[in-house]
Each structure stands twice: as C-alpha cells, then as structure tokens.
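*Asks:* mmCIF, C-alpha atoms, saved as final-v2.cif, coming up:
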data_start
loop_
_atom_site.label_atom_id
_atom_site.label_comp_id
_atom_site.auth_asym_id
_atom_site.auth_seq_id
_atom_site.Cartn_x
_atom_site.Cartn_y
_atom_site.Cartn_z
CA MET A 1 250.28 162.87 131.38
CA THR A 2 248.28 159.80 130.45
CA PRO A 3 244.80 160.08 128.91
CA GLU A 4 243.08 158.85 132.07
CA GLN A 5 244.65 161.47 134.32
CA ARG A 6 242.48 164.29 135.59
CA ARG A 7 244.09 167.71 135.20
CA GLY A 8 242.09 170.52 136.76
CA PHE A 9 242.10 174.13 135.61
CA TYR A 10 240.91 176.69 138.16
CA ALA A 11 240.66 180.05 136.42
CA GLY A 12 239.81 183.47 137.78
CA SER A 13 241.08 186.97 138.32
CA PHE A 14 241.98 186.32 141.98
CA ASP A 15 242.23 190.07 142.61
CA PRO A 16 242.99 189.53 145.43
CA PRO A 17 243.21 185.82 146.27
CA THR A 18 240.82 185.10 149.14
CA LEU A 19 240.56 182.40 151.78
CA ALA A 20 237.66 180.97 149.77
CA HIS A 21 239.80 180.77 146.59
CA ILE A 22 242.55 178.93 148.46
CA ASP A 23 240.07 176.55 150.07
CA ILE A 24 238.51 175.69 146.69
CA ALA A 25 241.97 175.15 145.16
CA LEU A 26 243.10 172.83 147.96
CA ARG A 27 239.88 170.83 147.83
CA ALA A 28 240.04 170.63 144.02
CA ARG A 29 243.62 169.38 144.21
CA GLN A 30 242.36 166.35 146.15
CA LEU A 31 240.03 165.51 143.24
CA CYS A 32 242.59 165.88 140.45
CA ASP A 33 245.86 164.23 139.54
CA SER A 34 247.21 167.73 138.95
CA LEU A 35 245.82 171.24 139.23
CA VAL A 36 246.57 174.55 137.55
CA ILE A 37 245.42 177.83 139.04
CA ALA A 38 245.17 180.26 136.14
CA VAL A 39 245.22 184.00 136.77
CA GLY A 40 243.30 185.68 133.98
CA SER A 41 243.90 189.14 132.64
CA ASN A 42 240.85 191.16 131.74
CA PRO A 43 241.75 194.19 129.60
CA THR A 44 238.48 195.92 130.56
CA LYS A 45 239.37 195.96 134.28
CA THR A 46 242.08 197.73 136.26
CA PRO A 47 243.30 195.21 138.80
CA LEU A 48 244.31 196.13 142.33
CA LEU A 49 247.27 193.74 142.10
CA SER A 50 249.39 193.02 139.05
CA ASP A 51 249.29 189.59 137.41
CA ALA A 52 252.78 188.92 138.80
CA GLN A 53 251.70 189.86 142.34
CA ARG A 54 248.63 187.64 142.19
CA ILE A 55 250.68 184.73 140.84
CA ASP A 56 253.33 185.14 143.54
CA LEU A 57 250.72 185.36 146.29
CA LEU A 58 248.85 182.31 145.03
CA ARG A 59 252.10 180.33 144.76
CA THR A 60 252.90 181.25 148.35
CA CYS A 61 249.43 180.26 149.54
CA VAL A 62 249.49 176.82 147.87
CA LYS A 63 253.24 176.12 148.05
CA ASP A 64 252.81 172.81 149.87
CA ALA A 65 249.98 171.49 147.69
CA ASP A 66 251.74 170.69 144.39
CA ILE A 67 249.65 173.18 142.42
CA GLU A 68 250.92 175.00 139.35
CA VAL A 69 250.06 178.72 139.10
CA VAL A 70 250.11 180.43 135.70
CA SER A 71 248.71 183.49 133.96
CA TYR A 72 246.61 183.52 130.83
CA GLN A 73 244.94 185.92 128.45
CA GLY A 74 241.97 185.29 126.23
CA GLY A 75 239.34 182.63 126.67
CA THR A 76 239.32 180.20 129.54
CA LEU A 77 238.48 177.24 127.32
CA ALA A 78 241.49 177.85 125.05
CA ALA A 79 243.76 178.37 128.06
CA ALA A 80 242.50 175.16 129.69
CA ARG A 81 243.21 173.23 126.51
CA ALA A 82 246.69 174.80 126.23
CA HIS A 83 247.40 173.40 129.71
CA ASN A 84 246.00 169.96 128.85
CA ALA A 85 243.16 170.29 131.33
CA THR A 86 240.40 167.72 131.45
CA LEU A 87 238.36 169.45 134.18
CA LEU A 88 237.36 173.03 134.82
CA ILE A 89 237.10 173.92 138.50
CA ARG A 90 234.54 176.48 139.60
CA GLY A 91 233.84 177.75 143.10
CA LEU A 92 230.23 178.53 143.93
CA ARG A 93 229.06 180.72 146.82
CA HIS A 94 225.29 180.90 146.37
CA GLY A 95 222.38 180.29 144.02
CA GLN A 96 223.28 183.16 141.69
CA ASP A 97 226.64 181.50 141.03
CA VAL A 98 224.85 178.26 140.17
CA ASP A 99 222.55 180.08 137.75
CA HIS A 100 225.56 181.76 136.13
CA GLU A 101 227.79 178.69 135.92
CA HIS A 102 225.33 176.01 134.85
CA PRO A 103 224.93 177.13 131.20
CA ARG A 104 228.69 177.73 130.94
CA ALA A 105 229.37 174.24 132.27
CA GLU A 106 227.06 172.75 129.63
CA CYS A 107 228.80 174.73 126.90
CA HIS A 108 232.22 173.57 128.13
CA ARG A 109 231.00 169.96 128.36
CA ARG A 110 229.95 170.11 124.72
CA GLN A 111 233.48 171.30 123.96
CA GLY A 112 234.95 168.28 125.75
CA LEU A 113 235.73 169.73 129.19
CA GLU A 114 233.79 168.69 132.25
CA THR A 115 233.16 171.24 135.02
CA ILE A 116 233.56 170.39 138.68
CA ALA A 117 231.69 172.86 140.88
CA LEU A 118 232.73 173.11 144.52
CA PHE A 119 230.58 175.02 146.94
CA SER A 120 232.27 177.43 149.30
CA ARG A 121 232.34 176.43 152.91
CA TYR A 122 229.38 177.95 154.71
CA ASP A 123 231.58 180.25 156.79
CA GLN A 124 233.29 181.52 153.62
CA ALA A 125 230.27 181.95 151.36
CA PHE A 126 230.23 185.71 151.95
CA ILE A 127 233.86 186.15 150.86
CA SER A 128 234.64 187.69 147.49
CA SER A 129 237.54 189.62 146.00
CA THR A 130 235.21 192.60 145.71
CA LEU A 131 234.54 192.48 149.45
CA ALA A 132 238.27 192.27 150.18
CA ARG A 133 238.94 195.35 148.03
CA GLU A 134 236.09 197.26 149.70
CA LEU A 135 237.36 196.40 153.18
CA LEU A 136 240.87 197.46 152.20
CA LEU A 137 239.73 200.81 150.83
CA ALA A 138 237.61 201.43 153.94
CA GLY A 139 240.59 200.70 156.19
CA HIS A 140 239.04 197.61 157.80
CA GLY A 141 240.78 194.37 158.75
CA LEU A 142 241.25 191.72 156.09
CA ASP A 143 242.36 188.68 158.06
CA HIS A 144 238.91 187.05 157.97
CA VAL A 145 238.72 187.21 154.14
CA VAL A 146 242.27 186.78 152.77
CA PRO A 147 245.37 184.80 153.81
CA THR A 148 247.82 186.74 155.99
CA VAL A 149 250.40 187.07 153.19
CA VAL A 150 247.72 188.60 150.95
CA ALA A 151 246.58 191.00 153.68
CA GLU A 152 250.17 192.18 154.11
CA ALA A 153 250.59 192.71 150.36
CA LEU A 154 247.31 194.60 150.16
CA ARG A 155 248.22 196.90 153.03
CA ASN A 156 251.27 197.90 150.99
CA THR A 157 249.10 198.88 147.98
CA VAL A 158 247.23 201.69 149.71
CA PRO A 159 248.85 204.76 151.26
#
Before anything else, please render the file you have as structure tokens.
*Replies:*
Amino acid sequence: MTPEQRRGFYAGSFDPPTLAHIDIALRARQLCDSLVIAVGSNPTKTPLLSDAQRIDLLRTCVKDADIEVVSYQGGTLAAARAHNATLLIRGLRHGQDVDHEHPRAECHRRQGLETIALFSRYDQAFISSTLARELLLAGHGLDHVVPTVVAEALRNTVP
C-alpha cells in the first residue's frame, strides 16, 4: 500500500449484520482504495452470533465487493492502525448518532485517523442490530432488516 492510498476501517459488533451495515460497507468501499470490515468482540456483552458466524455472514454479504472481513479485540484505534487504515468509517442513522460520533471523530483525527461518516439511507434509518434481535425473539420476519443469508442463520439460532 502506498502512502496516498485510502484504506477504510469499518468497525462494529455487527450482531447481526443488517441491510444498513451492508449498504454502508458497499458505499464506503467506493470511497476507499481498500476496505476492512472489523468485527469487534466486547467481553461485557453476550453476542447472539459468534465472531466466526458474523465474519462468515459478512464475507458472504460482501463477497463481490473486494472487502476484507476480520475480527479484532481491544480498541478500535489500535485495530485500525494494525490494519494500516487511514480512514475510519462510521454509519449514522439519526441525530443521536451524530452527537455520539462527532467527539470520537475529533479524538481520532488528533490521533491521525480521519473519520468518514455515511448516513443511512432514509428507508434504512430505523434498522439496527438490536431491532433485528428483538424481531427474531418475537418471532417476526427479518427480511426487511437483514440480508436473506443472515435471516436464515438467525432462524437457526432460536428453537
């Protein structure tokens, strides 16, 4: 990688990956020379899907987009640096996300990483991993919030 190349780092728990996550990743890929989707492990949370499942599902969802999918533990900034990222990618759904991300973006900028914030498409702004989990547990359909392959995997997680 040459110094002028833009390598994006899109980090999150992706538990589960949603249509909005995939849309942000595909749009970010168009802005970067290369993109890494990084599945973070949070030891304080019990994920619905294992790291390996989330990685496999994300790889399937972006298989034609030349996007690398990895896992990481610890801080996002350190993980981004370990993957030679020059840009942090963040997806924003509404004003609360802006309020949350703006100070983080400034902190990251001071550490040498610029943040690119992409707003969710209007018809996907309501989608979150939390909503997908709630719909799953309530026995509702998931096709309007997660890719088909993710919906199938989720249906296999609940009896």
*Asks:* I'd like to see the residues matched by the PyMOL selection byres ((chain A and resi 107-121) around 8) on this file, and ideally I'd get them as number ranges by chain.
*Replies:* A: 20, 23-24, 28, 77, 85-94, 103-106, 122-125
*Asks:* Segment 47-58 of chain A: which residues within 7 Å, counting all atoms listed in the file, same-chain residues fewer than 5 positions away excluded, as number ranges by chain?
*Replies:* A: 14-17, 39, 69-70, 150
*Asks:* From the list A:His144, A:Arg27, A:Arg81, A:His102, which residue is nearest Ser128 of chain A when using all atoms listed in the file?
*Replies:*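 Of the candidates, the smallest distance to Ser128 of chain A is held by A:His144.
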*Asks:* Using all atoms listed in the file, which residue out of A:Val36, A:Val98, A:Asp64, A:Thr130 lies closest to Ala82 of chain A?
*Replies:*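 Using all atoms listed in the file, the shortest distance to Ala82 of chain A belongs to A:Val36.
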*Asks:* Would you kindly return, as a list in words, each protein, DNA or RNA residue with an atom no farther than 8 Å from any atom of Ser41 of chain A, considering all atoms listed in the file and excluding same-chain residues fewer than 3 positions away?
*Replies:* Ser13, Asp51, Ser71, Tyr72, Gln73 and Gly74 of chain A
*Asks:* Those same residues - C-alpha atoms - I'd like them written as a PDB file, keeping the file's coordinate frame.
*Replies:*
ATOM      1  CA  SER A  13     241.080 186.970 138.320  1.00  0.00           C
ATOM      2  CA  ASP A  51     249.290 189.590 137.410  1.00  0.00           C
ATOM      3  CA  SER A  71     248.710 183.490 133.960  1.00  0.00           C
ATOM      4  CA  TYR A  72     246.610 183.520 130.830  1.00  0.00           C
ATOM      5  CA  GLN A  73     244.940 185.920 128.450  1.00  0.00           C
ATOM      6  CA  GLY A  74     241.970 185.290 126.230  1.00  0.00           C
TER       7      GLY A  74
END
*Asks:* Enter the distance from atom CA of Val145 of chain A to atom CA of Ile127 of chain A, in Å, rounded to one decimal.
*Replies:* 6.0 Å
*Asks:* Using only C-alpha atoms, which residues sit within 9 Å of Pro147 of chain A once same-chain residues fewer than 5 positions away are excluded, as a list of chain:residue names?
*Replies:*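 Close residues of Pro147 of chain A: A:Pro17, A:Thr18, A:Leu19, A:Ile22, A:Cys61, A:Leu142, A:Glu152.
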*Asks:* Under the rule that all atoms listed in the file are counted, which of A:Ala153, A:Val146, A:Ala25, A:Ala138 is the nearest residue to Phe9 of chain A?
*Replies:*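 Using all atoms listed in the file, the shortest distance to Phe9 of chain A belongs to A:Ala25.
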*Asks:* Compile the contact shell of Asn84 of chain A as number ranges by chain: residues with an atom at most 10 Å away, counting all atoms listed in the file, same-chain residues fewer than 4 positions apart removed.
*Replies:* A: 1, 3, 6-9, 36, 78-80
*Asks:* Nearest to Thr157 of chain A: which of A:Ser129, A:Glu101, A:Cys32, A:Leu137 is it, counting all atoms listed in the file?
*Replies:*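 With all atoms listed in the file as the atom set, the closest residue is A:Leu137.
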*Asks:* Name the closest residue to Lys63 of chain A among the candidates A:Leu154, A:Phe126, A:Leu26, A:Gly139; distances are taken between atoms, counting only C-alpha atoms.
*Replies:*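 For Lys63 of chain A, the nearest of the candidates is A:Leu26.
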*Asks:* Have a look at atom CA of Asp66 of chain A and atom CA of Leu31 of chain A and let me know their distance in Å, one decimal.
*Replies:* 12.9 Å
*Asks:* May I ask for the distance between atom CA of Lys45 of chain A and atom CA of His140 of chain A, given in Å to one decimal place?
*Replies:* 23.6 Å
*Asks:* With the file shown as input, list the residues that the PyMOL selection byres ((chain A and resi 11) around 6) selects, as an MDAnalysis selection string.
*Replies:* chainID A and resid 10 12 37:38
*Asks:* Restricted to C-alpha atoms, what would the selected residues look like written as an mmCIF file, in the frame of the given file?
*Replies:*
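This went into result.cif:
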data_model
loop_
_atom_site.group_PDB
_atom_site.id
_atom_site.type_symbol
_atom_site.label_atom_id
_atom_site.label_comp_id
_atom_site.auth_asym_id
_atom_site.auth_seq_id
_atom_site.Cartn_x
_atom_site.Cartn_y
_atom_site.Cartn_z
ATOM 1 C CA TYR A 10 240.910 176.690 138.160
ATOM 2 C CA GLY A 12 239.810 183.470 137.780
ATOM 3 C CA ILE A 37 245.420 177.830 139.040
ATOM 4 C CA ALA A 38 245.170 180.260 136.140
#
*Asks:* So, counting only C-alpha atoms, which residue among A:Val62, A:Val158, A:Ile67, A:Leu35 is closest to Arg133 of chain A?
*Replies:* A:Val158
*Asks:* Please complete segment 108-134 of chain A with N, CA and C atoms and give it back as a PDB file, keeping the file's coordinate frame.
*Replies:*
ATOM      1  N   HIS A 108     230.870 174.159 128.034  1.00  0.00           N
ATOM      2  CA  HIS A 108     232.220 173.570 128.130  1.00  0.00           C
ATOM      3  C   HIS A 108     232.171 172.055 127.948  1.00  0.00           C
ATOM      4  N   ARG A 109     231.135 171.418 128.513  1.00  0.00           N
ATOM      5  CA  ARG A 109     231.000 169.960 128.360  1.00  0.00           C
ATOM      6  C   ARG A 109     230.874 169.593 126.886  1.00  0.00           C
ATOM      7  N   ARG A 110     230.114 170.369 126.153  1.00  0.00           N
ATOM      8  CA  ARG A 110     229.950 170.110 124.720  1.00  0.00           C
ATOM      9  C   ARG A 110     231.251 170.329 123.953  1.00  0.00           C
ATOM     10  N   GLN A 111     232.159 171.077 124.557  1.00  0.00           N
ATOM     11  CA  GLN A 111     233.480 171.300 123.960  1.00  0.00           C
ATOM     12  C   GLN A 111     234.512 170.300 124.480  1.00  0.00           C
ATOM     13  N   GLY A 112     234.063 169.345 125.290  1.00  0.00           N
ATOM     14  CA  GLY A 112     234.950 168.280 125.750  1.00  0.00           C
ATOM     15  C   GLY A 112     235.593 168.487 127.105  1.00  0.00           C
ATOM     16  N   LEU A 113     235.180 169.512 127.840  1.00  0.00           N
ATOM     17  CA  LEU A 113     235.730 169.730 129.190  1.00  0.00           C
ATOM     18  C   LEU A 113     234.611 169.682 130.220  1.00  0.00           C
ATOM     19  N   GLU A 114     234.762 168.827 131.179  1.00  0.00           N
ATOM     20  CA  GLU A 114     233.790 168.690 132.250  1.00  0.00           C
ATOM     21  C   GLU A 114     234.068 169.754 133.312  1.00  0.00           C
ATOM     22  N   THR A 115     233.019 170.249 133.947  1.00  0.00           N
ATOM     23  CA  THR A 115     233.160 171.240 135.020  1.00  0.00           C
ATOM     24  C   THR A 115     232.884 170.572 136.354  1.00  0.00           C
ATOM     25  N   ILE A 116     233.764 170.828 137.304  1.00  0.00           N
ATOM     26  CA  ILE A 116     233.560 170.390 138.680  1.00  0.00           C
ATOM     27  C   ILE A 116     233.260 171.648 139.482  1.00  0.00           C
ATOM     28  N   ALA A 117     232.083 171.713 140.075  1.00  0.00           N
ATOM     29  CA  ALA A 117     231.690 172.860 140.880  1.00  0.00           C
ATOM     30  C   ALA A 117     231.813 172.495 142.354  1.00  0.00           C
ATOM     31  N   LEU A 118     232.568 173.303 143.081  1.00  0.00           N
ATOM     32  CA  LEU A 118     232.730 173.110 144.520  1.00  0.00           C
ATOM     33  C   LEU A 118     232.088 174.278 145.241  1.00  0.00           C
ATOM     34  N   PHE A 119     231.217 173.970 146.174  1.00  0.00           N
ATOM     35  CA  PHE A 119     230.580 175.020 146.940  1.00  0.00           C
ATOM     36  C   PHE A 119     231.528 175.525 148.016  1.00  0.00           C
ATOM     37  N   SER A 120     231.492 176.830 148.216  1.00  0.00           N
ATOM     38  CA  SER A 120     232.270 177.430 149.300  1.00  0.00           C
ATOM     39  C   SER A 120     231.811 176.855 150.622  1.00  0.00           C
ATOM     40  N   ARG A 121     232.726 176.813 151.558  1.00  0.00           N
ATOM     41  CA  ARG A 121     232.340 176.430 152.910  1.00  0.00           C
ATOM     42  C   ARG A 121     231.355 177.484 153.414  1.00  0.00           C
ATOM     43  N   TYR A 122     230.446 177.055 154.247  1.00  0.00           N
ATOM     44  CA  TYR A 122     229.380 177.950 154.710  1.00  0.00           C
ATOM     45  C   TYR A 122     229.949 179.218 155.330  1.00  0.00           C
ATOM     46  N   ASP A 123     231.013 179.078 156.120  1.00  0.00           N
ATOM     47  CA  ASP A 123     231.580 180.250 156.790  1.00  0.00           C
ATOM     48  C   ASP A 123     232.398 181.134 155.857  1.00  0.00           C
ATOM     49  N   GLN A 124     232.555 180.719 154.598  1.00  0.00           N
ATOM     50  CA  GLN A 124     233.290 181.520 153.620  1.00  0.00           C
ATOM     51  C   GLN A 124     232.415 181.979 152.461  1.00  0.00           C
ATOM     52  N   ALA A 125     231.151 181.658 152.487  1.00  0.00           N
ATOM     53  CA  ALA A 125     230.270 181.950 151.360  1.00  0.00           C
ATOM     54  C   ALA A 125     230.093 183.446 151.111  1.00  0.00           C
ATOM     55  N   PHE A 126     230.372 184.259 152.107  1.00  0.00           N
ATOM     56  CA  PHE A 126     230.230 185.710 151.950  1.00  0.00           C
ATOM     57  C   PHE A 126     231.489 186.345 151.354  1.00  0.00           C
ATOM     58  N   ILE A 127     232.566 185.595 151.270  1.00  0.00           N
ATOM     59  CA  ILE A 127     233.860 186.150 150.860  1.00  0.00           C
ATOM     60  C   ILE A 127     233.928 186.287 149.342  1.00  0.00           C
ATOM     61  N   SER A 128     234.374 187.454 148.908  1.00  0.00           N
ATOM     62  CA  SER A 128     234.640 187.690 147.490  1.00  0.00           C
ATOM     63  C   SER A 128     235.836 188.635 147.392  1.00  0.00           C
ATOM     64  N   SER A 129     236.458 188.665 146.227  1.00  0.00           N
ATOM     65  CA  SER A 129     237.540 189.620 146.000  1.00  0.00           C
ATOM     66  C   SER A 129     237.026 191.043 146.093  1.00  0.00           C
ATOM     67  N   THR A 130     235.811 191.266 145.626  1.00  0.00           N
ATOM     68  CA  THR A 130     235.210 192.600 145.710  1.00  0.00           C
ATOM     69  C   THR A 130     235.101 193.044 147.169  1.00  0.00           C
ATOM     70  N   LEU A 131     234.644 192.155 148.031  1.00  0.00           N
ATOM     71  CA  LEU A 131     234.540 192.480 149.450  1.00  0.00           C
ATOM     72  C   LEU A 131     235.911 192.808 150.028  1.00  0.00           C
ATOM     73  N   ALA A 132     236.916 192.016 149.675  1.00  0.00           N
ATOM     74  CA  ALA A 132     238.270 192.270 150.180  1.00  0.00           C
ATOM     75  C   ALA A 132     238.763 193.653 149.752  1.00  0.00           C
ATOM     76  N   ARG A 133     238.519 194.022 148.505  1.00  0.00           N
ATOM     77  CA  ARG A 133     238.940 195.350 148.030  1.00  0.00           C
ATOM     78  C   ARG A 133     238.186 196.453 148.773  1.00  0.00           C
ATOM     79  N   GLU A 134     236.889 196.255 148.992  1.00  0.00           N
ATOM     80  CA  GLU A 134     236.090 197.260 149.700  1.00  0.00           C
ATOM     81  C   GLU A 134     236.568 197.423 151.144  1.00  0.00           C
TER      82      GLU A 134
END
